[in-house]
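Below is one structure, written out as structure tokens; the observations come after it.
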Amino acid sequence: MIDLIGKSPKILVIGDLMIDQYLWGSCDRISPEAPVQVINVDGDTSSLGGAGNVINNLKALEAKVEVISVIGECIETKELIKLLKDINVDTQYLITQKERVTSKKSRVIAANQQVIRYDRESTEEISNISKIAILKIFKTIINDYDVILLSDYGKGLLTFELTQSLIKIANENHKKLLVDPKGLDYSKYKDAYLLTPNKKEAGEATHSVINDNASLSLAIKKLKKQCNLEVSLITLSEQGVAVFDLSLIHISEPT
């Protein structure tokens, strides 16, 4: 296992960066144009989402964090860069791809209820030029980090080919690469150090129903074998985390 207790590890995050925006307001009438609420917006807040939320959490745990990602040539990118700089994260490894839109998810909240969410983003796979740029950067800086973390939100950054290349390079350099996976097909994460699916995701990926310790044990072992992981892990919400290395360990959350 990775021993980072009492340390301030340097972690490289590669993943889909997003902005989470919240528009806060109130409603006291229905629109005469259509049967919808009219929201009087009083203010708005924005925070890092997707892989950005992962970065924010790691920073809160006093890790040293840097990021590789692809961003769009759009106004949302300026906002994203400001949010990263606000928490002292270097943005030098962000690759700009023309005609791509940086993900921004906007939620309208009235009377503590979410009324609507609208998204602006690109979800197609990044270009070959962007993939080559990521790999060039990664090969140059990989040995500066203790751990590599892939944060996949299915927005087109971590393609099958790129993900497998990143894992191969990490293994060649004896670096532990962790993956927060997305989707049902985990074959693109094969040979990573570990994955961090939740119980539902792990069940879908292994085509099993996890409803007791026996089915949990079978699924976590299947995941380890299926993806050739060094360590298999499944998060269990309020029940903690299940980890399979040489044996199954259940780590409960402190009460």
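If you're wondering about the labels, chains in the structure tokens are A, B, ... by order shown, residues count from 1 in each chain, ligands from 1 in order shown.
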**Request:** Find the spatial neighbours of range 214-224 of chain A, counting only C-alpha atoms, within a cut-off of 12 Å - ignore same-chain residues fewer than 5 positions away - and output them as number ranges by chain.
**Result:** A: 185-187, 189-209, 229-236, 241-250
**Message:** Considering only alpha helix (DSSP H) as DSSP defines it on the backbone, what residues of range 30-244 of chain A qualify? List them as a VMD selection string.
**Reply:** chain A and resid 51 to 60 75 to 86 128 to 141 160 to 172 199 to 205 213 to 227
**Request:** Do a neighbour search on Leu12 in chain A at 8 Å with only C-alpha atoms, toss out local chain neighbours closer than 2 positions, and write the hits as a list of chain:residue names.
**Result:** A:Lys10, A:Ile14, A:Val65, A:Glu66, A:Val67, A:Ile68, A:Tyr145, A:Val147, A:Ile148, A:Leu149
**Item:** A:Thr45, A:Thr123, A:Asn53, A:Asn112 ranked by distance to Gly72 in chain A, top pick (using only C-alpha atoms)
**Value:**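 Closest to Gly72 in chain A, using only C-alpha atoms: A:Thr123.
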**Request:** Return the single residue from A:Leu84, A:Leu23, A:Ile71, A:Val13 that is closest to Ile39 in chain A, with distances computed using only C-alpha atoms.
**Result:**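 Result for the nearest residue to Ile39 in chain A: A:Leu23.
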**Request:** Would you mind reading off the distance between CA of Ile134 in chain A and CA of Leu177 in chain A, one decimal, in Å?
**Result:** 15.7 Å
**Prompt:** If we count only C-alpha atoms, what is near Trp24 in chain A at a cut-off of 9 Å, once residues fewer than 6 positions away on the same chain are taken out, given as a list in words?
**Reply:** Ile39, Asn40, Val41, Asp42, Gly43, Asp44, Thr45, Arg107, Val108, Ile109, Ala110, Ala111 and Asn112 of chain A
